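See below for upload12.txt, which holds compact mmCIF, C-alpha atoms and all ligand atoms.
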# COMPACT_ATOMS: atom_id res chain seq x y z
CA MET S 1375 15.24 -3.28 17.84
CA LEU S 1376 12.79 -4.83 20.26
CA ASP S 1377 10.47 -7.57 19.02
CA THR S 1378 7.34 -7.57 21.09
CA LEU S 1379 6.05 -11.09 20.52
CA SER S 1380 7.87 -12.80 23.35
CA GLY S 1381 5.69 -11.55 26.23
CA GLY S 1382 2.32 -12.58 24.72
CA TYR S 1383 -0.35 -10.55 22.91
CA GLU S 1384 -1.54 -8.22 25.69
CA ASN S 1385 2.01 -7.44 26.71
CA SER S 1386 3.07 -6.67 23.14
CA ILE S 1387 0.14 -4.26 22.72
CA LYS S 1388 1.11 -2.51 25.95
CA THR S 1389 4.82 -2.30 25.06
CA ALA S 1390 4.10 -0.96 21.57
CA SER S 1391 1.67 1.64 22.93
CA ASP S 1392 4.12 2.76 25.63
CA ILE S 1393 6.86 3.26 23.03
CA LEU S 1394 4.48 5.22 20.77
CA ARG S 1395 3.30 7.42 23.64
CA CYS S 1396 6.94 8.20 24.45
CA GLY S 1397 7.55 9.37 20.87
CA GLY S 1398 9.04 6.17 19.44
CA ILE S 1399 8.34 4.44 16.11
CA VAL S 1400 7.01 0.88 15.88
CA ALA S 1401 6.31 -1.45 12.95
CA ILE S 1402 2.87 -3.04 13.24
CA PRO S 1403 0.88 -5.55 11.19
CA THR S 1404 -2.20 -4.33 9.31
CA GLU S 1405 -4.42 -6.23 6.88
CA THR S 1406 -2.90 -4.39 3.89
CA VAL S 1407 0.89 -4.26 4.52
CA TYR S 1408 3.05 -3.77 7.64
CA GLY S 1409 2.99 -0.13 8.74
CA LEU S 1410 5.64 1.98 10.49
CA ALA S 1411 3.62 3.78 13.15
CA ALA S 1412 4.18 7.03 15.05
CA SER S 1413 1.92 9.46 16.89
CA ALA S 1414 0.09 11.62 14.34
CA TYR S 1415 0.23 14.44 16.92
CA SER S 1416 4.04 14.54 17.24
CA ASP S 1417 6.07 16.23 14.53
CA GLU S 1418 9.27 14.91 16.10
CA SER S 1419 8.09 11.26 15.94
CA ILE S 1420 6.86 11.66 12.36
CA LYS S 1421 10.27 12.97 11.32
CA LYS S 1422 11.81 9.74 12.66
CA VAL S 1423 9.49 7.76 10.35
CA PHE S 1424 10.56 9.75 7.27
CA LYS S 1425 14.21 9.25 8.25
CA ALA S 1426 13.97 5.47 8.90
CA LYS S 1427 12.25 4.90 5.55
CA GLY S 1428 14.26 7.42 3.55
CA ARG S 1429 10.87 8.79 2.45
CA PRO S 1430 10.72 12.06 0.49
CA GLN S 1431 9.47 14.84 2.79
CA ASP S 1432 6.68 15.88 0.42
CA ASN S 1433 4.95 12.48 0.50
CA PRO S 1434 2.21 12.64 3.20
CA LEU S 1435 1.29 9.78 5.54
CA ILE S 1436 -1.99 7.97 6.23
CA VAL S 1437 -3.41 8.39 9.75
CA HIS S 1438 -4.88 5.22 11.29
CA ILE S 1439 -7.76 5.42 13.75
CA SER S 1440 -9.58 2.86 15.89
CA ASP S 1441 -13.10 4.31 16.07
CA MET S 1442 -15.38 6.99 14.62
CA GLU S 1443 -14.76 9.36 17.53
CA MET S 1444 -11.13 9.63 16.47
CA LEU S 1445 -12.22 10.59 12.96
CA TYR S 1446 -13.63 13.84 14.33
CA GLU S 1447 -10.33 14.54 16.14
CA VAL S 1448 -8.21 14.24 13.01
CA ALA S 1449 -10.51 15.68 10.31
CA GLU S 1450 -12.91 18.60 9.90
CA ASP S 1451 -15.90 19.45 7.69
CA ILE S 1452 -16.45 15.74 7.06
CA PRO S 1453 -18.90 15.32 4.17
CA ARG S 1454 -21.90 12.97 4.38
CA LYS S 1455 -20.41 10.78 1.65
CA ALA S 1456 -17.38 10.11 3.86
CA ILE S 1457 -19.61 8.79 6.62
CA GLU S 1458 -21.45 6.60 4.11
CA CYS S 1459 -18.12 5.20 2.89
CA ALA S 1460 -16.97 4.66 6.48
CA ASN S 1461 -20.18 2.79 7.30
CA ARG S 1462 -19.75 0.56 4.29
CA PHE S 1463 -15.99 -0.03 4.11
CA TRP S 1464 -14.55 0.50 7.61
CA ALA S 1465 -12.93 -1.15 9.35
CA GLY S 1466 -11.01 -2.05 6.19
CA PRO S 1467 -8.63 -1.05 3.40
CA LEU S 1468 -10.13 2.31 2.39
CA THR S 1469 -8.33 5.63 3.02
CA MET S 1470 -10.20 8.93 2.67
CA VAL S 1471 -8.51 12.29 2.11
CA LEU S 1472 -10.40 14.94 4.13
CA LYS S 1473 -9.80 18.42 5.51
CA ARG S 1474 -7.25 18.12 8.34
CA SER S 1475 -7.73 19.24 11.92
CA GLY S 1476 -5.18 21.51 13.60
CA LYS S 1477 -4.15 18.71 15.96
CA ILE S 1478 -2.41 16.72 13.23
CA ALA S 1479 1.36 17.33 13.08
CA PRO S 1480 2.13 19.36 9.93
CA SER S 1481 4.72 16.84 8.67
CA VAL S 1482 2.01 14.11 8.49
CA SER S 1483 0.31 16.06 5.71
CA ALA S 1484 3.56 17.26 4.15
CA GLY S 1485 2.30 20.82 4.05
CA LEU S 1486 -1.15 20.04 2.57
CA ASP S 1487 -4.34 21.21 4.28
CA THR S 1488 -5.78 17.70 4.05
CA VAL S 1489 -5.27 14.44 5.93
CA ALA S 1490 -5.62 10.84 4.70
CA VAL S 1491 -7.51 8.67 7.24
CA ARG S 1492 -8.19 4.95 7.54
CA MET S 1493 -9.56 2.54 10.14
CA PRO S 1494 -7.72 -0.79 9.75
CA SER S 1495 -9.60 -4.07 10.25
CA GLU S 1496 -6.53 -5.85 11.67
CA LYS S 1497 -7.21 -6.28 15.38
CA THR S 1498 -3.58 -5.85 16.48
CA ALA S 1499 -3.32 -2.46 14.79
CA ARG S 1500 -6.63 -1.24 16.25
CA ASP S 1501 -5.75 -2.51 19.73
CA ILE S 1502 -2.47 -0.56 19.65
CA ILE S 1503 -4.26 2.62 18.53
CA LYS S 1504 -6.90 2.17 21.25
CA ARG S 1505 -4.39 1.39 23.98
CA SER S 1506 -2.13 4.32 23.09
CA GLY S 1507 -5.10 6.65 22.68
CA LEU S 1508 -3.32 8.13 19.64
CA PRO S 1509 -4.18 8.27 15.96
CA LEU S 1510 -1.14 6.69 14.30
CA ALA S 1511 0.47 7.89 11.11
CA ALA S 1512 1.78 4.74 9.46
CA PRO S 1513 3.28 4.46 5.98
CA SER S 1514 4.40 1.07 4.75
CA ALA S 1515 7.26 -0.26 6.92
CA ASN S 1516 9.81 -0.60 4.14
CA THR S 1517 12.70 1.36 2.71
CA SER S 1518 11.17 3.91 0.33
CA GLY S 1519 11.16 2.64 -3.25
CA LEU S 1520 11.31 -1.08 -2.39
CA PRO S 1521 8.26 -3.38 -2.53
CA SER S 1522 5.94 -2.92 0.48
CA PRO S 1523 6.38 -5.40 3.36
CA THR S 1524 3.76 -8.14 3.66
CA SER S 1525 5.55 -10.23 6.28
CA TYR S 1526 7.61 -9.26 9.31
CA THR S 1527 10.76 -10.66 7.73
CA HIS S 1528 10.47 -7.97 5.02
CA VAL S 1529 10.31 -5.30 7.75
CA ILE S 1530 13.34 -6.72 9.55
CA ASN S 1531 15.32 -6.90 6.27
CA ASP S 1532 14.65 -3.21 5.56
CA LEU S 1533 14.47 -1.49 8.94
CA ASN S 1534 16.36 -3.50 11.56
CA GLY S 1535 18.35 -1.05 13.67
CA LYS S 1536 16.42 1.97 12.38
CA ILE S 1537 13.19 1.64 14.41
CA ASP S 1538 12.36 1.13 18.08
CA ALA S 1539 10.29 -2.07 17.87
CA ILE S 1540 8.32 -4.44 15.69
CA VAL S 1541 5.09 -6.19 16.63
CA LEU S 1542 5.30 -9.59 14.99
CA GLY S 1543 2.12 -10.80 13.31
CA ASN S 1544 0.90 -12.99 10.47
CA ASP S 1545 1.51 -12.29 6.80
CA CYS S 1546 -0.83 -9.56 5.58
CA ASN S 1547 -4.12 -10.80 4.26
CA VAL S 1548 -4.75 -8.21 1.56
CA GLY S 1549 -1.15 -7.69 0.47
CA VAL S 1550 -1.44 -4.31 -1.31
CA GLU S 1551 -1.84 -0.91 0.33
CA SER S 1552 -5.25 0.65 0.92
CA THR S 1553 -7.46 2.24 -1.71
CA VAL S 1554 -7.06 6.04 -1.43
CA ILE S 1555 -9.90 8.40 -2.39
CA SER S 1556 -10.11 12.15 -2.08
CA LEU S 1557 -13.35 13.69 -0.84
CA VAL S 1558 -12.18 17.31 -0.62
CA GLY S 1559 -12.80 18.42 -4.20
CA LYS S 1560 -16.10 18.90 -6.04
CA THR S 1561 -15.94 15.35 -7.41
CA PRO S 1562 -14.67 12.28 -5.52
CA ARG S 1563 -11.41 10.99 -6.93
CA LEU S 1564 -9.64 7.63 -6.83
CA LEU S 1565 -5.98 8.39 -6.11
CA ARG S 1566 -4.73 4.85 -5.52
CA PRO S 1567 -6.59 1.58 -6.20
CA GLY S 1568 -6.68 -1.14 -3.54
CA ALA S 1569 -8.78 -4.00 -2.23
CA VAL S 1570 -11.85 -1.76 -1.93
CA THR S 1571 -12.54 -1.69 -5.65
CA LEU S 1572 -13.64 1.08 -7.98
CA GLU S 1573 -16.75 -0.95 -8.76
CA GLN S 1574 -17.65 -1.08 -5.02
CA LEU S 1575 -16.94 2.64 -4.56
CA ARG S 1576 -19.23 3.52 -7.47
CA GLU S 1577 -22.17 2.11 -5.50
CA ILE S 1578 -21.77 4.99 -3.03
CA LEU S 1579 -19.87 7.50 -5.19
CA PRO S 1580 -21.36 7.06 -8.69
CA ASP S 1581 -19.49 10.11 -10.00
CA ILE S 1582 -16.02 9.08 -8.74
CA GLU S 1583 -13.21 9.95 -11.18
CA VAL S 1584 -10.02 7.96 -11.59
CA ASP S 1585 -6.89 10.07 -11.27
CA LYS S 1586 -4.70 9.89 -14.38
CA ALA S 1587 -1.70 8.81 -12.31
CA VAL S 1588 -3.40 5.49 -11.42
CA LEU S 1589 -2.46 3.96 -14.77
CA SER S 1590 0.04 6.31 -16.35
CA ARG S 1591 3.28 8.04 -15.48
CA PRO S 1592 2.70 11.47 -13.90
CA GLN S 1593 4.20 14.14 -16.16
CA GLU S 1594 7.44 15.77 -15.06
CA GLY S 1595 6.80 19.03 -13.22
CA VAL S 1596 2.99 18.65 -13.15
CA LYS S 1597 1.35 18.81 -9.71
CA VAL S 1598 -0.17 15.42 -8.72
CA SER S 1599 -3.13 14.99 -6.34
CA SER S 1600 -1.35 12.29 -4.36
CA PRO S 1601 2.37 13.05 -4.05
CA GLY S 1602 3.26 9.37 -3.50
CA MET S 1603 2.28 8.57 -7.07
CA LYS S 1604 5.19 10.41 -8.63
CA TYR S 1605 7.90 8.33 -6.99
CA LYS S 1606 9.62 5.19 -8.22
CA HIS S 1607 8.04 2.32 -6.33
CA TYR S 1608 8.11 -1.38 -5.66
CA ALA S 1609 10.96 -1.99 -8.09
CA PRO S 1610 13.20 -5.07 -8.10
CA LYS S 1611 16.82 -4.24 -8.98
CA THR S 1612 16.51 -6.42 -12.10
CA ASP S 1613 15.07 -4.78 -15.24
CA THR S 1614 11.32 -5.48 -15.09
CA TYR S 1615 8.62 -5.46 -17.82
CA LEU S 1616 4.86 -5.74 -17.51
CA VAL S 1617 3.41 -7.94 -20.26
CA GLU S 1618 -0.23 -7.66 -21.38
CA GLY S 1619 -1.89 -10.38 -23.44
CA VAL S 1620 -3.67 -13.73 -23.27
CA SER S 1621 -1.92 -16.68 -21.60
CA GLN S 1622 -0.86 -18.45 -24.78
CA ASN S 1623 0.83 -15.29 -26.10
CA PHE S 1624 2.61 -14.74 -22.76
CA ILE S 1625 3.81 -18.36 -22.68
CA ASN S 1626 5.09 -18.20 -26.29
CA PHE S 1627 6.82 -14.86 -25.59
CA VAL S 1628 8.66 -15.82 -22.39
CA ASN S 1629 9.69 -19.24 -23.75
CA THR S 1630 11.85 -17.46 -26.35
CA LYS S 1631 13.84 -15.69 -23.59
CA SER S 1632 17.00 -17.23 -22.20
CA ASP S 1633 18.22 -15.25 -19.19
CA ALA S 1634 14.85 -14.14 -17.77
CA LEU S 1635 12.29 -14.81 -15.06
CA ALA S 1636 8.57 -15.16 -15.90
CA VAL S 1637 6.23 -14.01 -13.14
CA CYS S 1638 3.03 -15.83 -14.07
CA PHE S 1639 -0.37 -17.16 -13.03
CA CYS S 1640 -0.61 -20.70 -11.62
CA GLU S 1641 -2.79 -21.72 -14.59
CA GLU S 1642 0.06 -21.16 -17.08
CA SER S 1643 3.07 -22.19 -14.98
CA ASP S 1644 3.35 -25.78 -16.36
CA LYS S 1645 3.76 -24.53 -19.92
CA ILE S 1646 6.57 -22.09 -19.15
CA SER S 1647 10.03 -23.52 -19.79
CA ILE S 1648 12.23 -20.71 -18.38
CA LYS S 1649 12.70 -19.73 -14.71
CA LYS S 1650 9.32 -18.80 -13.25
CA ALA S 1651 7.59 -17.53 -10.11
CA VAL S 1652 3.84 -17.95 -9.63
CA TYR S 1653 2.04 -15.04 -8.02
CA GLY S 1654 -1.49 -16.40 -7.82
CA SER S 1655 -4.49 -17.39 -9.87
CA GLN S 1656 -5.81 -15.55 -12.90
CA LYS S 1657 -9.29 -16.50 -11.67
CA ASP S 1658 -8.91 -14.81 -8.27
CA GLU S 1659 -7.14 -11.46 -8.31
CA SER S 1660 -7.04 -11.25 -4.51
CA THR S 1661 -4.43 -14.06 -4.62
CA LEU S 1662 -2.30 -11.89 -6.94
CA ALA S 1663 -2.63 -8.95 -4.55
CA LYS S 1664 -1.56 -11.09 -1.62
CA ASN S 1665 1.63 -12.31 -3.29
CA VAL S 1666 2.70 -9.54 -5.65
CA PHE S 1667 5.13 -7.77 -3.28
CA LYS S 1668 6.68 -11.01 -2.02
CA VAL S 1669 7.30 -12.12 -5.61
CA LEU S 1670 8.83 -8.73 -6.49
CA ARG S 1671 11.09 -8.92 -3.42
CA ASP S 1672 12.22 -12.48 -4.24
CA ALA S 1673 12.67 -11.85 -7.97
CA ASP S 1674 16.21 -10.51 -7.70
CA CYS S 1675 17.38 -13.79 -6.12
CA PHE S 1676 16.93 -15.61 -9.46
CA GLY S 1677 19.99 -13.82 -10.81
CA VAL S 1678 18.47 -13.20 -14.25
CA LYS S 1679 18.86 -10.24 -16.63
CA GLU S 1680 15.17 -9.44 -17.08
CA ILE S 1681 11.84 -10.05 -15.38
CA TYR S 1682 8.59 -10.38 -17.37
CA VAL S 1683 5.41 -10.13 -15.30
CA HIS S 1684 2.10 -11.25 -16.78
CA ALA S 1685 -0.30 -8.35 -16.17
CA PRO S 1686 -3.63 -8.97 -14.42
CA SER S 1687 -6.89 -7.48 -15.69
CA LYS S 1688 -7.56 -3.86 -14.79
CA THR S 1689 -10.86 -4.62 -13.06
CA GLY S 1690 -11.70 -5.36 -9.42
CA VAL S 1691 -8.61 -5.90 -7.25
CA GLY S 1692 -6.72 -6.47 -10.51
CA LEU S 1693 -6.56 -2.69 -10.97
CA ALA S 1694 -4.62 -2.35 -7.68
CA VAL S 1695 -2.16 -5.07 -8.69
CA TYR S 1696 -1.72 -3.54 -12.15
CA ASN S 1697 -1.10 -0.12 -10.58
CA ARG S 1698 1.75 -1.51 -8.42
CA LEU S 1699 3.26 -3.56 -11.25
CA ILE S 1700 3.35 -0.72 -13.75
CA ARG S 1701 5.45 1.24 -11.24
CA ALA S 1702 7.66 -1.78 -10.48
CA ALA S 1703 8.26 -1.95 -14.24
CA ALA S 1704 9.00 1.80 -14.47
CA TYR S 1705 6.05 1.99 -16.95
CA LYS S 1706 7.67 -0.42 -19.42
CA VAL S 1707 4.65 -2.30 -20.83
CA ILE S 1708 4.78 -4.88 -23.61
CA ILE S 1709 1.46 -5.54 -25.33
CA LEU S 1710 1.27 -8.91 -27.12
P1 LIG F 1801 1.93 4.84 2.05
O1 LIG F 1801 1.90 5.51 3.34
O2 LIG F 1801 3.29 4.44 1.62
O3 LIG F 1801 0.89 3.76 1.93
O4 LIG F 1801 1.47 5.96 1.02
C1 LIG F 1801 0.38 6.79 1.32
C2 LIG F 1801 -0.25 7.29 0.05
O5 LIG F 1801 -1.33 8.16 0.40
C3 LIG F 1801 0.73 8.10 -0.79
O6 LIG F 1801 0.51 7.82 -2.16
C4 LIG F 1801 0.36 9.52 -0.44
O7 LIG F 1801 0.67 10.43 -1.48
C5 LIG F 1801 -1.16 9.42 -0.22
N1 LIG F 1801 -1.62 10.48 0.69
C6 LIG F 1801 -1.42 10.57 2.02
N2 LIG F 1801 -1.95 11.73 2.50
C7 LIG F 1801 -2.50 12.37 1.45
C8 LIG F 1801 -3.18 13.62 1.29
N3 LIG F 1801 -3.39 14.41 2.32
N4 LIG F 1801 -3.59 13.95 0.06
C9 LIG F 1801 -3.37 13.13 -1.00
N5 LIG F 1801 -2.72 11.96 -0.92
C10 LIG F 1801 -2.28 11.57 0.28
MG MG F 1802 4.58 2.89 0.89

What's the structure tokens form of this structure?
Amino acid sequence: MLDTLSGGYENSIKTASDILRCGGIVAIPTETVYGLAASAYSDESIKKVFKAKGRPQDNPLIVHISDMEMLYEVAEDIPRKAIECANRFWAGPLTMVLKRSGKIAPSVSAGLDTVAVRMPSEKTARDIIKRSGLPLAAPSANTSGLPSPTSYTHVINDLNGKIDAIVLGNDCNVGVESTVISLVGKTPRLLRPGAVTLEQLREILPDIEVDKAVLSRPQEGVKVSSPGMKYKHYAPKTDTYLVEGVSQNFINFVNTKSDALAVCFCEESDKISIKKAVYGSQKDESTLAKNVFKVLRDADCFGVKEIYVHAPSKTGVGLAVYNRLIRAAAYKVIIL
């Protein structure tokens, strides 16, 4: 696998774009998590992405664009609300599900007649899209099921030898994947929470509904609006529990455990007497978002029997963090 840092920024953008134009797959930094990019127009390249990640074929990919012109190439019948959302939240961590154009490779949409589109704010990602002239389908650059990659070392650990190149960048600023909304039905729908919050979306989409699968386990055999939500996700190998309750209750609870790791807020860390890993501040949920996947990846190294994660609030960016943690815990929630 080629790493494209060595020749300087401009050179790395050119190399990555050349590989993508020739049908290759390249891991790139974005502000949410590292993405594994391929041309959204090439079925053959998209299949390589599914294979490298071990991603189920029925889980569609998000298409990344660099400007509004590209939006009209990848989607059709774009509603006015989508343009309003784009004006407010792009470039940034909001993905919109729209009617797909015929140019998009069928495997990107996994057989659906829609396409999920986002314009990333990370300059490197946008420069690669611009330079290649291609909308890029890019799921998270990890092995399916494992926590998403927020630094290039995570990508290398998972995908070394399975992809053509990686563009090295900084650790991801946001740390959780984009907010996904659907604008194809009668009512706008939140399919996956992210750093663009439900509260912010309501300012433009006052009638937005939250899909059931955001906070609960999709029922066996029932069709879900966003196929990705039915899969096991983000899970450490160690048995993990999400714990809801005030700090004092969490501290008292974990201090009775012997062979466990407490994943906690910095404000409560001093009072915890068992093994612990801090994932940010209770007062600033964006810090939790930034660190949650790194903490989940590192958690197995503690060699404990169980992991207890103190749940964030379900408001603001906290909802996105809660959504990832409940999956990491396979929906095992302890309420104190
Ligand atoms: P990832 O690429 O790993 O960030 O996951 C992309 C998420 O977007 C998954 O949960 C997908 O199910 C969802 N998604 C992508 N395309 C669509 C679509 N056309 N309709 C509904 N959900 C989608
Ligand atoms: Mg993913």

With 10 Å as the cut-off and all atoms listed in the file counted, what is the closest atom pair between each nearby residue of chain S and ligand LIG 1801 (chain F)? Distances in Å to one decimal, ordered by chain and number, as a Markdown table.
| residue | atom | partner | partner_atom | distance |
| --- | --- | --- | --- | --- |
| S:Thr1406 | CA | F:LIG1801 | O3 | 9.2 |
| S:Val1407 | CA | F:LIG1801 | O3 | 8.4 |
| S:Tyr1408 | CA | F:LIG1801 | O3 | 9.7 |
| S:Gly1409 | CA | F:LIG1801 | O1 | 7.9 |
| S:Leu1410 | CA | F:LIG1801 | O1 | 8.8 |
| S:Lys1427 | CA | F:LIG1801 | O2 | 9.8 |
| S:Arg1429 | CA | F:LIG1801 | O2 | 8.8 |
| S:Asp1432 | CA | F:LIG1801 | O7 | 8.3 |
| S:Asn1433 | CA | F:LIG1801 | O7 | 5.1 |
| S:Pro1434 | CA | F:LIG1801 | N2 | 4.3 |
| S:Leu1435 | CA | F:LIG1801 | C6 | 4.5 |
| S:Ile1436 | CA | F:LIG1801 | C6 | 5.0 |
| S:Val1437 | CA | F:LIG1801 | N2 | 8.1 |
| S:Thr1469 | CA | F:LIG1801 | O5 | 7.9 |
| S:Met1470 | CA | F:LIG1801 | C7 | 8.5 |
| S:Val1471 | CA | F:LIG1801 | N3 | 5.5 |
| S:Leu1472 | CA | F:LIG1801 | N3 | 7.3 |
| S:Lys1473 | CA | F:LIG1801 | N3 | 8.2 |
| S:Arg1474 | CA | F:LIG1801 | N3 | 8.1 |
| S:Val1482 | CA | F:LIG1801 | N2 | 7.6 |
| S:Ser1483 | CA | F:LIG1801 | N3 | 5.3 |
| S:Ala1484 | CA | F:LIG1801 | N3 | 7.7 |
| S:Gly1485 | CA | F:LIG1801 | N3 | 8.7 |
| S:Leu1486 | CA | F:LIG1801 | N3 | 6.1 |
| S:Asp1487 | CA | F:LIG1801 | N3 | 7.1 |
| S:Thr1488 | CA | F:LIG1801 | N3 | 4.4 |
| S:Val1489 | CA | F:LIG1801 | N3 | 4.1 |
| S:Ala1490 | CA | F:LIG1801 | N2 | 4.4 |
| S:Val1491 | CA | F:LIG1801 | N2 | 7.9 |
| S:Ala1511 | CA | F:LIG1801 | O1 | 8.3 |
| S:Ala1512 | CA | F:LIG1801 | O1 | 6.2 |
| S:Pro1513 | CA | F:LIG1801 | O1 | 3.2 |
| S:Ser1514 | CA | F:LIG1801 | O2 | 4.7 |
| S:Ala1515 | CA | F:LIG1801 | O2 | 8.1 |
| S:Asn1516 | CA | F:LIG1801 | O2 | 8.6 |
| S:Thr1517 | CA | F:LIG1801 | O2 | 10.0 |
| S:Ser1518 | CA | F:LIG1801 | O2 | 8.0 |
| S:Gly1519 | CA | F:LIG1801 | O2 | 9.4 |
| S:Ser1522 | CA | F:LIG1801 | O2 | 7.9 |
| S:Val1550 | CA | F:LIG1801 | O3 | 9.0 |
| S:Glu1551 | CA | F:LIG1801 | O3 | 5.6 |
| S:Ser1552 | CA | F:LIG1801 | O3 | 7.0 |
| S:Thr1553 | CA | F:LIG1801 | O5 | 8.8 |
| S:Val1554 | CA | F:LIG1801 | O5 | 6.4 |
| S:Ile1555 | CA | F:LIG1801 | N5 | 8.1 |
| S:Ser1556 | CA | F:LIG1801 | C9 | 6.9 |
| S:Leu1557 | CA | F:LIG1801 | N4 | 9.8 |
| S:Val1558 | CA | F:LIG1801 | N4 | 9.2 |
| S:Leu1565 | CA | F:LIG1801 | N5 | 7.1 |
| S:Arg1566 | CA | F:LIG1801 | O6 | 6.9 |
| S:Val1598 | CA | F:LIG1801 | C9 | 8.7 |
| S:Ser1599 | CA | F:LIG1801 | C9 | 5.7 |
| S:Ser1600 | CA | F:LIG1801 | N5 | 3.7 |
| S:Pro1601 | CA | F:LIG1801 | O7 | 4.0 |
| S:Gly1602 | CA | F:LIG1801 | O6 | 3.4 |
| S:Met1603 | CA | F:LIG1801 | O6 | 5.3 |
| S:Lys1604 | CA | F:LIG1801 | O6 | 8.4 |
| S:Tyr1605 | CA | F:LIG1801 | O6 | 8.8 |
| S:His1607 | CA | F:LIG1801 | O2 | 9.5 |

Checklist entry - CA of Gly1397 (chain S) and CA of Asp1441 (chain S), how far apart in Å? => result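 Computing the Euclidean distance for CA of Asp1441 (chain S) and CA of Gly1397 (chain S) yields 21.8 Å.
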
Item to check | Among the residues S:Cys1546, S:Ile1402, S:Ile1478, S:Ile1537, the one that comes closest to Tyr1415 (chain S) [using all atoms listed in the file] | outcome: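 Closest to Tyr1415 (chain S) of all the choices is S:Ile1478.
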
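Considering the residues S:Leu1693, S:Ile1393, S:Val1400, S:Met1442 and counting all atoms listed in the file, Glu1573 (chain S) has its shortest atom-to-atom contact with S:Leu1693.
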
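When CA of Glu1577 (chain S) is paired with CA of Leu1589 (chain S), their separation reads 21.9 Å.
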
Next on the checklist: Need the shell around region 1684-1686 of chain S: protein/DNA/RNA residues with any atom at most 6 Å away, counting all atoms listed in the file. Skip same-chain ones fewer than 5 positions apart. Format as number ranges by chain?
Outcome noted: S: 1616-1618, 1638, 1692

Checklist entry - Which residue gives the smallest distance to Val1620 (chain S) among S:Thr1689, S:Ser1475, S:Gln1656, S:Ser1590, with all atoms listed in the file counted? => result S:Gln1656

Checklist entry - Using all atoms listed in the file, which residue out of S:Lys1631, S:Lys1611, S:Lys1421, S:Lys1679 lies closest to Pro1521 (chain S)? => result S:Lys1611

Next on the checklist: For Lys1388 (chain S), find every residue with an atom within 10 Å (counting all atoms listed in the file), except residues of its own chain fewer than 5 positions away, and show them as an NGL selection string.
Outcome noted: :S and (1378 or 1383 or 1393-1394 or 1501-1502 or 1505-1506)

Item to check | Shell of 10 Å around Leu1662 (chain S), all atoms listed in the file, local chain residues under 2 positions omitted, as a ChimeraX atom specification | outcome: /S:1548-1550,1638-1639,1652-1660,1664-1667,1669,1686,1691-1692,1694-1696

Applying 10 Å and only C-alpha atoms, which residues near Gly1677 (chain S) remain after dropping the ones on its own chain fewer than 3 positions away? List them as a tab-separated table (two decimals) with C-alpha atoms, in the frame of the given file.
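Output file result-v1.tsv is given in full below:
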chain	number	residue	atom	x	y	z
S	1612	THR	CA	16.51	-6.42	-12.10
S	1633	ASP	CA	18.22	-15.25	-19.19
S	1634	ALA	CA	14.85	-14.14	-17.77
S	1635	LEU	CA	12.29	-14.81	-15.06
S	1673	ALA	CA	12.67	-11.85	-7.97
S	1674	ASP	CA	16.21	-10.51	-7.70
S	1680	GLU	CA	15.17	-9.44	-17.08

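Using all atoms listed in the file, the protein and nucleic acid residues lying at most 12 Å from the point (-15.7, -3.2, 3.6) are Glu1458, Cys1459, Ala1460, Asn1461, Arg1462, Phe1463, Trp1464, Ala1465, Gly1466, Pro1467, Leu1468, Thr1469, Arg1492, Met1493, Pro1494, Ser1495, Ser1552, Thr1553, Gly1568, Ala1569, Val1570, Thr1571, Gln1574 and Leu1575 of chain S.
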
Item to check | Pick from S:Tyr1682, S:Arg1698, S:Lys1688, S:Ala1539, whichever lies nearest to ligand MG 1802 (chain F) using only C-alpha atoms and all ligand atoms | outcome: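 Answer, going by the shortest atom-to-atom distance: S:Arg1698.
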
Next on the checklist: Quick check, in Å to one decimal: how far apart do CA of Val1637 (chain S) and CA of Leu1520 (chain S) lie?
Outcome noted: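 Interatomic distance here is 17.6 Å.
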
Item to check | Distance criterion (all atoms listed in the file): nearest to ligand MG 1802 (chain F) out of S:Gly1535, S:Lys1422, S:Ile1399, S:Tyr1608 | outcome: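 For ligand MG 1802 (chain F), the nearest of the given residues is S:Tyr1608.
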